[in-house]
file target_39.pdb (PDB, C-alpha atoms)
MODEL        1
ATOM      1  CA  MET A   1     -18.177 -12.923  39.181
ATOM      2  CA  MET A   2     -16.344  -9.643  39.601
ATOM      3  CA  ALA A   3     -13.500 -11.364  41.447
ATOM      4  CA  LYS A   4     -13.188 -13.945  38.694
ATOM      5  CA  ASN A   5     -12.973 -11.283  35.991
ATOM      6  CA  SER A   6     -10.410  -9.364  38.016
ATOM      7  CA  ALA A   7      -8.227 -12.446  38.420
ATOM      8  CA  SER A   8      -8.495 -13.207  34.722
ATOM      9  CA  ALA A   9      -7.375  -9.697  33.822
ATOM     10  CA  THR A  10      -4.454  -9.997  36.259
ATOM     11  CA  ASN A  11      -3.284 -13.267  34.701
ATOM     12  CA  ARG A  12      -3.601 -12.002  31.141
ATOM     13  CA  PRO A  13      -0.214 -11.489  29.418
ATOM     14  CA  SER A  14       0.666  -7.818  29.069
ATOM     15  CA  LEU A  15       1.945  -7.123  25.557
ATOM     16  CA  THR A  16       3.126  -3.788  24.218
ATOM     17  CA  LEU A  17       3.357  -2.972  20.527
ATOM     18  CA  HIS A  18       7.094  -3.651  20.635
ATOM     19  CA  ASP A  19       6.565  -7.020  22.372
ATOM     20  CA  LEU A  20       4.056  -8.088  19.740
ATOM     21  CA  ALA A  21       6.186  -6.846  16.842
ATOM     22  CA  VAL A  22       9.186  -8.841  18.098
ATOM     23  CA  VAL A  23       7.139 -12.052  18.390
ATOM     24  CA  ILE A  24       5.810 -11.617  14.849
ATOM     25  CA  LEU A  25       9.280 -11.051  13.397
ATOM     26  CA  ALA A  26      10.684 -13.974  15.400
ATOM     27  CA  CYS A  27       8.009 -16.278  13.963
ATOM     28  CA  HIS A  28       8.165 -14.967  10.398
ATOM     29  CA  LEU A  29      10.733 -16.613   8.135
ATOM     30  CA  HIS A  30      11.353 -13.566   5.953
ATOM     31  CA  PRO A  31      11.563  -9.769   6.405
ATOM     32  CA  LEU A  32       8.224  -7.941   6.278
ATOM     33  CA  SER A  33       7.546  -4.846   4.188
ATOM     34  CA  ARG A  34       6.207  -1.797   6.026
ATOM     35  CA  VAL A  35       2.583  -2.060   4.887
ATOM     36  CA  ARG A  36       2.408  -5.820   5.349
ATOM     37  CA  PHE A  37       4.028  -5.599   8.786
ATOM     38  CA  ALA A  38       1.508  -2.993   9.983
ATOM     39  CA  LYS A  39      -1.414  -5.072   8.706
ATOM     40  CA  THR A  40       0.049  -8.252  10.209
ATOM     41  CA  ILE A  41       0.224  -6.609  13.633
ATOM     42  CA  TYR A  42      -3.423  -5.588  13.239
ATOM     43  CA  PHE A  43      -4.691  -9.085  12.415
ATOM     44  CA  VAL A  44      -2.505 -10.784  15.048
ATOM     45  CA  HIS A  45      -3.783  -8.336  17.672
ATOM     46  CA  LYS A  46      -7.392  -9.115  16.726
ATOM     47  CA  GLU A  47      -6.810 -12.859  16.989
ATOM     48  CA  LEU A  48      -5.080 -12.542  20.367
ATOM     49  CA  VAL A  49      -8.089 -10.538  21.586
ATOM     50  CA  ARG A  50     -10.378 -13.358  20.433
ATOM     51  CA  ARG A  51      -8.224 -15.795  22.395
ATOM     52  CA  GLN A  52      -8.297 -13.490  25.443
ATOM     53  CA  LEU A  53      -4.533 -13.037  25.308
ATOM     54  CA  MET A  54      -4.808  -9.287  24.661
ATOM     55  CA  GLN A  55      -7.425  -6.574  25.151
ATOM     56  CA  LEU A  56      -9.078  -4.385  22.524
ATOM     57  CA  ASP A  57      -7.465  -1.279  23.976
ATOM     58  CA  ASP A  58      -3.941  -2.689  24.319
ATOM     59  CA  LEU A  59      -3.068  -1.054  20.991
ATOM     60  CA  LYS A  60      -4.431   1.992  19.195
ATOM     61  CA  TYR A  61      -4.381   2.526  15.445
ATOM     62  CA  LEU A  62      -3.863   5.460  13.146
ATOM     63  CA  ARG A  63      -6.388   5.626  10.311
ATOM     64  CA  LEU A  64      -4.552   5.861   6.968
ATOM     65  CA  PRO A  65      -5.637   5.193   3.347
ATOM     66  CA  LEU A  66      -3.891   1.803   3.324
ATOM     67  CA  GLY A  67      -5.684   0.652   6.446
ATOM     68  CA  PRO A  68      -4.866   0.902  10.163
ATOM     69  CA  VAL A  69      -1.283   1.445  11.365
ATOM     70  CA  PRO A  70      -0.426   0.805  15.036
ATOM     71  CA  GLU A  71       0.286   3.905  17.095
ATOM     72  CA  GLY A  72       4.042   4.006  17.699
ATOM     73  CA  PHE A  73       4.824   1.940  14.588
ATOM     74  CA  THR A  74       7.435   4.468  13.378
ATOM     75  CA  THR A  75       9.417   4.125  16.616
ATOM     76  CA  LEU A  76       9.762   0.334  16.511
ATOM     77  CA  THR A  77      13.315   0.631  15.193
ATOM     78  CA  ARG A  78      14.545   2.909  17.974
ATOM     79  CA  PRO A  79      18.068   2.070  19.268
ATOM     80  CA  HIS A  80      18.381  -1.207  21.209
ATOM     81  CA  SER A  81      14.864  -2.292  20.233
ATOM     82  CA  GLY A  82      16.170  -5.354  18.408
ATOM     83  CA  ILE A  83      14.067  -4.442  15.353
ATOM     84  CA  ILE A  84      15.965  -3.213  12.314
ATOM     85  CA  THR A  85      15.191  -2.352   8.696
ATOM     86  CA  GLN A  86      16.879  -3.031   5.401
ATOM     87  CA  LYS A  87      16.287  -1.688   1.899
ATOM     88  CA  ASN A  88      14.613  -3.922  -0.655
ATOM     89  CA  PRO A  89      16.417  -3.188  -3.941
ATOM     90  CA  HIS A  90      13.503  -4.599  -5.961
ATOM     91  CA  ILE A  91      10.934  -2.098  -4.644
ATOM     92  CA  ASN A  92      10.629   1.524  -5.786
ATOM     93  CA  LEU A  93       7.618   2.631  -3.723
ATOM     94  CA  PHE A  94       8.900   4.917  -0.953
ATOM     95  CA  TYR A  95       6.473   3.495   1.626
ATOM     96  CA  GLU A  96       7.406  -0.118   0.833
ATOM     97  CA  ILE A  97      11.163   0.122   0.229
ATOM     98  CA  GLU A  98      12.003  -0.777   3.846
ATOM     99  CA  GLU A  99      11.705  -4.295   5.221
ATOM    100  CA  TYR A 100      11.551  -5.090   8.934
ATOM    101  CA  LEU A 101      13.451  -7.906  10.617
ATOM    102  CA  LEU A 102      15.037  -8.818  13.941
ATOM    103  CA  ALA A 103      18.694  -8.264  14.686
ATOM    104  CA  ASP A 104      20.519 -11.538  15.334
ATOM    105  CA  HIS A 105      20.907 -10.882  19.061
ATOM    106  CA  ALA A 106      17.142 -10.402  19.502
ATOM    107  CA  LYS A 107      16.003 -13.647  17.876
ATOM    108  CA  THR A 108      16.464 -15.793  20.983
ATOM    109  CA  GLN A 109      15.549 -13.281  23.676
ATOM    110  CA  LEU A 110      11.766 -13.653  23.913
ATOM    111  CA  SER A 111      10.237 -13.043  27.335
ATOM    112  CA  PRO A 112       7.916 -15.604  29.000
ATOM    113  CA  THR A 113       4.954 -13.398  28.023
ATOM    114  CA  GLN A 114       6.034 -13.368  24.382
ATOM    115  CA  ILE A 115       6.600 -17.130  24.399
ATOM    116  CA  ALA A 116       3.074 -17.610  25.818
ATOM    117  CA  VAL A 117       1.483 -16.112  22.705
ATOM    118  CA  ARG A 118       3.936 -17.467  20.152
ATOM    119  CA  THR A 119       1.814 -20.455  19.098
ATOM    120  CA  SER A 120      -1.222 -18.250  18.433
ATOM    121  CA  VAL A 121       0.921 -15.787  16.471
ATOM    122  CA  GLU A 122       2.364 -18.594  14.332
ATOM    123  CA  LYS A 123      -1.124 -19.864  13.479
ATOM    124  CA  THR A 124      -2.282 -16.405  12.398
ATOM    125  CA  LEU A 125       0.853 -15.860  10.303
ATOM    126  CA  ALA A 126       0.250 -19.176   8.535
ATOM    127  CA  LEU A 127      -3.288 -18.060   7.645
ATOM    128  CA  LEU A 128      -2.108 -14.653   6.398
ATOM    129  CA  GLN A 129       0.749 -16.043   4.309
ATOM    130  CA  PRO A 130      -1.274 -17.017   1.180
ATOM    131  CA  HIS A 131      -2.837 -13.548   0.905
ATOM    132  CA  SER A 132      -1.307 -10.621  -0.948
ATOM    133  CA  THR A 133      -0.563  -7.384   0.866
ATOM    134  CA  THR A 134      -3.374  -5.799  -1.147
ATOM    135  CA  ALA A 135      -5.836  -8.356   0.244
ATOM    136  CA  LEU A 136      -4.637  -7.606   3.786
ATOM    137  CA  VAL A 137      -5.153  -3.882   3.217
ATOM    138  CA  GLU A 138      -8.702  -4.393   1.935
ATOM    139  CA  ALA A 139      -9.629  -6.788   4.754
ATOM    140  CA  SER A 140      -8.271  -4.415   7.411
ATOM    141  CA  ARG A 141     -10.834  -1.735   6.533
ATOM    142  CA  ASP A 142     -13.177  -2.731   9.319
ATOM    143  CA  PRO A 143     -16.103  -0.636  10.685
ATOM    144  CA  SER A 144     -13.834   1.425  12.959
ATOM    145  CA  TRP A 145     -11.605   2.344  10.011
ATOM    146  CA  HIS A 146     -14.638   3.519   8.034
ATOM    147  CA  ALA A 147     -15.900   5.510  11.021
ATOM    148  CA  HIS A 148     -12.767   7.675  11.221
ATOM    149  CA  ALA A 149     -10.947  10.172   9.019
ATOM    150  CA  ASN A 150      -7.317   9.930   7.964
ATOM    151  CA  GLY A 151      -4.948  10.785  10.794
ATOM    152  CA  GLU A 152      -7.387   9.948  13.586
ATOM    153  CA  LEU A 153      -6.491   7.490  16.329
ATOM    154  CA  TYR A 154      -8.912   4.745  17.283
ATOM    155  CA  GLN A 155      -9.056   1.378  18.971
ATOM    156  CA  ILE A 156     -10.641  -1.730  17.544
ATOM    157  CA  THR A 157     -14.098  -2.714  18.742
ATOM    158  CA  ALA A 158     -16.237  -5.829  19.016
ATOM    159  CA  ALA A 159     -17.733  -4.925  15.624
ATOM    160  CA  ASP A 160     -14.277  -5.168  14.032
ATOM    161  CA  LEU A 161     -13.812  -8.652  15.478
ATOM    162  CA  LYS A 162     -16.813  -9.852  13.463
ATOM    163  CA  ASN A 163     -14.605  -9.750  10.365
ATOM    164  CA  PRO A 164     -13.110 -13.278  10.535
ATOM    165  CA  PHE A 165     -10.275 -12.659   8.038
ATOM    166  CA  PRO A 166      -8.001 -14.554   7.476
ATOM    167  CA  TYR A 167     -10.154 -17.524   8.416
ATOM    168  CA  PRO A 168     -11.636 -19.733   5.642
ATOM    169  CA  ARG A 169     -15.203 -18.388   5.908
ATOM    170  CA  ILE A 170     -14.307 -15.429   3.648
ATOM    171  CA  LEU A 171     -11.350 -16.802   1.728
ATOM    172  CA  LEU A 172     -13.482 -17.244  -1.398
ATOM    173  CA  LYS A 173     -14.726 -13.659  -1.155
ATOM    174  CA  LEU A 174     -11.165 -12.333  -1.340
ATOM    175  CA  HIS A 175      -9.736 -14.986  -3.659
ATOM    176  CA  PHE A 176     -10.127 -13.065  -6.897
ATOM    177  CA  LYS A 177      -8.951  -9.801  -5.357
ATOM    178  CA  SER A 178      -5.760 -11.536  -4.213
ATOM    179  CA  ARG A 179      -4.844 -12.824  -7.673
ATOM    180  CA  ILE A 180      -3.539  -9.564  -9.058
ATOM    181  CA  PRO A 181      -0.449  -9.939 -11.320
ATOM    182  CA  ASN A 182       1.101  -6.610 -10.309
ATOM    183  CA  GLU A 183       1.102  -6.461  -6.523
ATOM    184  CA  LEU A 184       2.788  -3.059  -6.304
ATOM    185  CA  GLY A 185       0.396  -1.594  -8.855
ATOM    186  CA  ALA A 186      -2.534  -2.987  -6.899
ATOM    187  CA  LEU A 187      -1.191  -1.484  -3.691
ATOM    188  CA  GLN A 188      -0.843   1.913  -5.379
ATOM    189  CA  ALA A 189      -4.390   1.662  -6.710
ATOM    190  CA  ASN A 190      -5.596   0.786  -3.224
ATOM    191  CA  LEU A 191      -3.872   3.839  -1.783
ATOM    192  CA  LEU A 192      -5.428   6.093  -4.404
ATOM    193  CA  ARG A 193      -8.907   4.646  -3.805
ATOM    194  CA  GLY A 194      -8.553   5.282  -0.082
ATOM    195  CA  MET A 195      -7.406   8.851  -0.674
ATOM    196  CA  LEU A 196     -10.143   9.473  -3.252
ATOM    197  CA  SER A 197     -12.801   8.267  -0.829
ATOM    198  CA  ASP A 198     -11.653  10.820   1.729
ATOM    199  CA  ILE A 199     -11.511  13.596  -0.867
ATOM    200  CA  VAL A 200     -15.091  12.861  -1.956
ATOM    201  CA  LYS A 201     -16.294  12.907   1.667
ATOM    202  CA  GLU A 202     -14.556  16.202   2.381
ATOM    203  CA  SER A 203     -15.919  17.714  -0.834
ATOM    204  CA  THR A 204     -19.449  16.595   0.037
ATOM    205  CA  ASP A 205     -19.186  18.125   3.510
ATOM    206  CA  LEU A 206     -18.101  21.425   1.955
ATOM    207  CA  GLU A 207     -20.850  21.397  -0.658
ATOM    208  CA  TYR A 208     -23.590  20.468   1.816
ATOM    209  CA  PRO A 209     -22.463  21.958   5.154
ATOM    210  CA  ASP A 210     -25.987  21.970   6.602
ATOM    211  CA  ALA A 211     -26.374  18.237   6.037
ATOM    212  CA  SER A 212     -22.977  17.605   7.611
ATOM    213  CA  SER A 213     -23.881  19.720  10.644
ATOM    214  CA  GLN A 214     -27.177  17.895  11.093
ATOM    215  CA  LYS A 215     -25.355  14.572  10.924
ATOM    216  CA  ASP A 216     -22.869  15.650  13.579
ATOM    217  CA  ALA A 217     -25.703  16.946  15.775
ATOM    218  CA  LYS A 218     -27.288  13.494  15.798
ATOM    219  CA  LYS A 219     -24.117  11.851  17.124
ATOM    220  CA  PRO A 220     -24.309  10.921  20.829
ATOM    221  CA  GLN A 221     -22.319  13.302  23.000
TER     222      GLN A 221
ENDMDL
END

call {"tool": "encode", "arguments": {"input": "target_39.pdb", "output": "structure tokens"}}
result
Amino acid sequence: MMAKNSASATNRPSLTLHDLAVVILACHLHPLSRVRFAKTIYFVHKELVRRQLMQLDDLKYLRLPLGPVPEGFTTLTRPHSGIITQKNPHINLFYEIEEYLLADHAKTQLSPTQIAVRTSVEKTLALLQPHSTTALVEASRDPSWHAHANGELYQITAADLKNPFPYPRILLKLHFKSRIPNELGALQANLLRGMLSDIVKESTDLEYPDASSQKDAKKPQ
């Protein structure tokens, strides 16, 4: 059994954040805004884990009010990466004004490993497409996100995989949340709710320090 598991791990495609980001942009027909791109990476990673094409710890995530952001996300556009950004003249939110896309020379240069996961990535992108960015943000707040404070790094767990989004089982649950006429306004409201939640937690810890200390003491070391 051990030998079988070892062989399986050896044969598993090895994907970095950059590899996965390139596949997503190669499969997507339009540029992706910053928030949507980060959330798309998150959901594609989860699905590839379910299909045993990636591991839970292949990527780590930074906990932010608008959901998880892959560690290293801000360096995806480093020189010669093939990933570039452009300004969206119709957006005035500073964190959404940039759109990500592939440079022309990078569109046909996928590695065998990237090609191996392309079909799975395309299926996940098709399922995400009908949902607003706001819906993606809300659905990305899995148990691990709730268990961490803003700025902390974490990796997804088996508990996070129990959230089947964007599969049909919970489409109805998110349907009404997705039909928001002002997407940018909804995204702003989502950011403020996430920030407010953290402010309330911090305020509670300050007001009841003994309770907070007792809670920390109960955590397994």

call {"tool": "closest_residue", "arguments": {"input": "target_39.pdb", "among": "A:Ala139, A:Leu17, A:Val44, A:Ala158", "to": "A:Ser81", "atoms": "only C-alpha atoms"}}
result
A:Leu17

call {"tool": "closest_residue", "arguments": {"input": "target_39.pdb", "among": "A:Leu56, A:Ala149, A:Leu15, A:Leu125", "to": "A:His30", "atoms": "all atoms listed in the file"}}
result
A:Leu125

call {"tool": "atom_distance", "arguments": {"input": "target_39.pdb", "atom1": "atom CA of A:Leu101", "atom2": "atom CA of A:Ile41"}}
result
13.6 Å

call {"tool": "atom_distance", "arguments": {"input": "target_39.pdb", "atom1": "atom CA of A:His105", "atom2": "atom CA of A:Val23"}}
result
13.8 Å

call {"tool": "residues_around", "arguments": {"input": "target_39.pdb", "residues": "A:Arg118", "least_positions_apart": "2", "cutoff": "9 Å", "atoms": "all atoms listed in the file", "output": "PyMOL selection string"}}
result
chain A and resi 23-24+26-27+113-116+120-123

call {"tool": "residues_around", "arguments": {"input": "target_39.pdb", "residues": "A:Val35", "least_positions_apart": "2", "cutoff": "9 Å", "atoms": "all atoms listed in the file", "output": "ChimeraX atom specification"}}
result
/A:32-33,37-40,66-67,69,95-96,133,137

call {"tool": "residues_around", "arguments": {"input": "target_39.pdb", "residues": "A:Thr75", "least_positions_apart": "5", "cutoff": "12 Å", "atoms": "all atoms listed in the file", "output": "list in words"}}
result
Leu17, His18, Ala21, Pro70, His80, Ser81, Gly82, Ile83, Ile84 and Thr85 of chain A

call {"tool": "write_last_selection", "arguments": {"input": "target_39.pdb", "atoms": "C-alpha atoms", "output": "PDB file, in the coordinates of the input"}}
result
ATOM      1  CA  LEU A  17       3.357  -2.972  20.527  1.00  0.00           C
ATOM      2  CA  HIS A  18       7.094  -3.651  20.635  1.00  0.00           C
ATOM      3  CA  ALA A  21       6.186  -6.846  16.842  1.00  0.00           C
ATOM      4  CA  PRO A  70      -0.426   0.805  15.036  1.00  0.00           C
ATOM      5  CA  HIS A  80      18.381  -1.207  21.209  1.00  0.00           C
ATOM      6  CA  SER A  81      14.864  -2.292  20.233  1.00  0.00           C
ATOM      7  CA  GLY A  82      16.170  -5.354  18.408  1.00  0.00           C
ATOM      8  CA  ILE A  83      14.067  -4.442  15.353  1.00  0.00           C
ATOM      9  CA  ILE A  84      15.965  -3.213  12.314  1.00  0.00           C
ATOM     10  CA  THR A  85      15.191  -2.352   8.696  1.00  0.00           C
TER      11      THR A  85
END

call {"tool": "closest_atom_pairs", "arguments": {"input": "target_39.pdb", "of": "stretch 115-148 of chain A", "to": "stretch 163-167 of chain A", "cutoff": "10 Å", "atoms": "all atoms listed in the file", "output": "tab-separated table"}}
result
residue	atom	partner	partner_atom	distance
A:Thr124	CA	A:Pro166	CA	7.8
A:Leu125	CA	A:Pro166	CA	9.4
A:Ala126	CA	A:Pro166	CA	9.5
A:Leu127	CA	A:Pro166	CA	5.9
A:Leu128	CA	A:Pro166	CA	6.0
A:Gln129	CA	A:Pro166	CA	9.4
A:Pro130	CA	A:Pro166	CA	9.5
A:His131	CA	A:Pro166	CA	8.4
A:Ala135	CA	A:Pro166	CA	9.8
A:Leu136	CA	A:Pro166	CA	8.6
A:Ala139	CA	A:Phe165	CA	6.8
A:Ser140	CA	A:Phe165	CA	8.5
A:Arg141	CA	A:Asn163	CA	9.7
A:Asp142	CA	A:Asn163	CA	7.2
A:Pro143	CA	A:Asn163	CA	9.2

call {"tool": "residues_near_point", "arguments": {"input": "target_39.pdb", "point": "(2.1, 8.0, 11.8)", "cutoff": "7 Å", "atoms": "only C-alpha atoms", "output": "ChimeraX atom specification"}}
result
/A:62,71,74

call {"tool": "atom_distance", "arguments": {"input": "target_39.pdb", "atom1": "atom CA of A:Thr16", "atom2": "atom CA of A:Leu191"}}
result
28.0 Å

call {"tool": "resolve_selection", "arguments": {"input": "target_39.pdb", "expression": "the PyMOL selection byres ((chain A and resi 55) around 10)", "output": "list of chain:residue names"}}
result
A:Ala9, A:Arg12, A:Pro13, A:Ser14, A:Leu15, A:His45, A:Lys46, A:Leu48, A:Val49, A:Arg50, A:Arg51, A:Gln52, A:Leu53, A:Met54, A:Leu56, A:Asp57, A:Asp58, A:Leu59, A:Ile156

call {"tool": "resolve_selection", "arguments": {"input": "target_39.pdb", "expression": "the PyMOL selection byres ((chain A and resi 63) around 8)", "output": "list in words"}}
result
Tyr61, Leu62, Leu64, Pro65, Gly67, Pro68, Val69, Trp145, His148, Ala149, Asn150, Gly151, Glu152, Leu153 and Tyr154 of chain A

call {"tool": "closest_residue", "arguments": {"input": "target_39.pdb", "among": "A:Thr134, A:Asp160, A:Pro31, A:Arg78", "to": "A:His146", "atoms": "all atoms listed in the file"}}
result
A:Asp160

call {"tool": "closest_residue", "arguments": {"input": "target_39.pdb", "among": "A:Ala147, A:Ile91, A:Leu102, A:Val117", "to": "A:His28", "atoms": "only C-alpha atoms"}}
result
A:Leu102
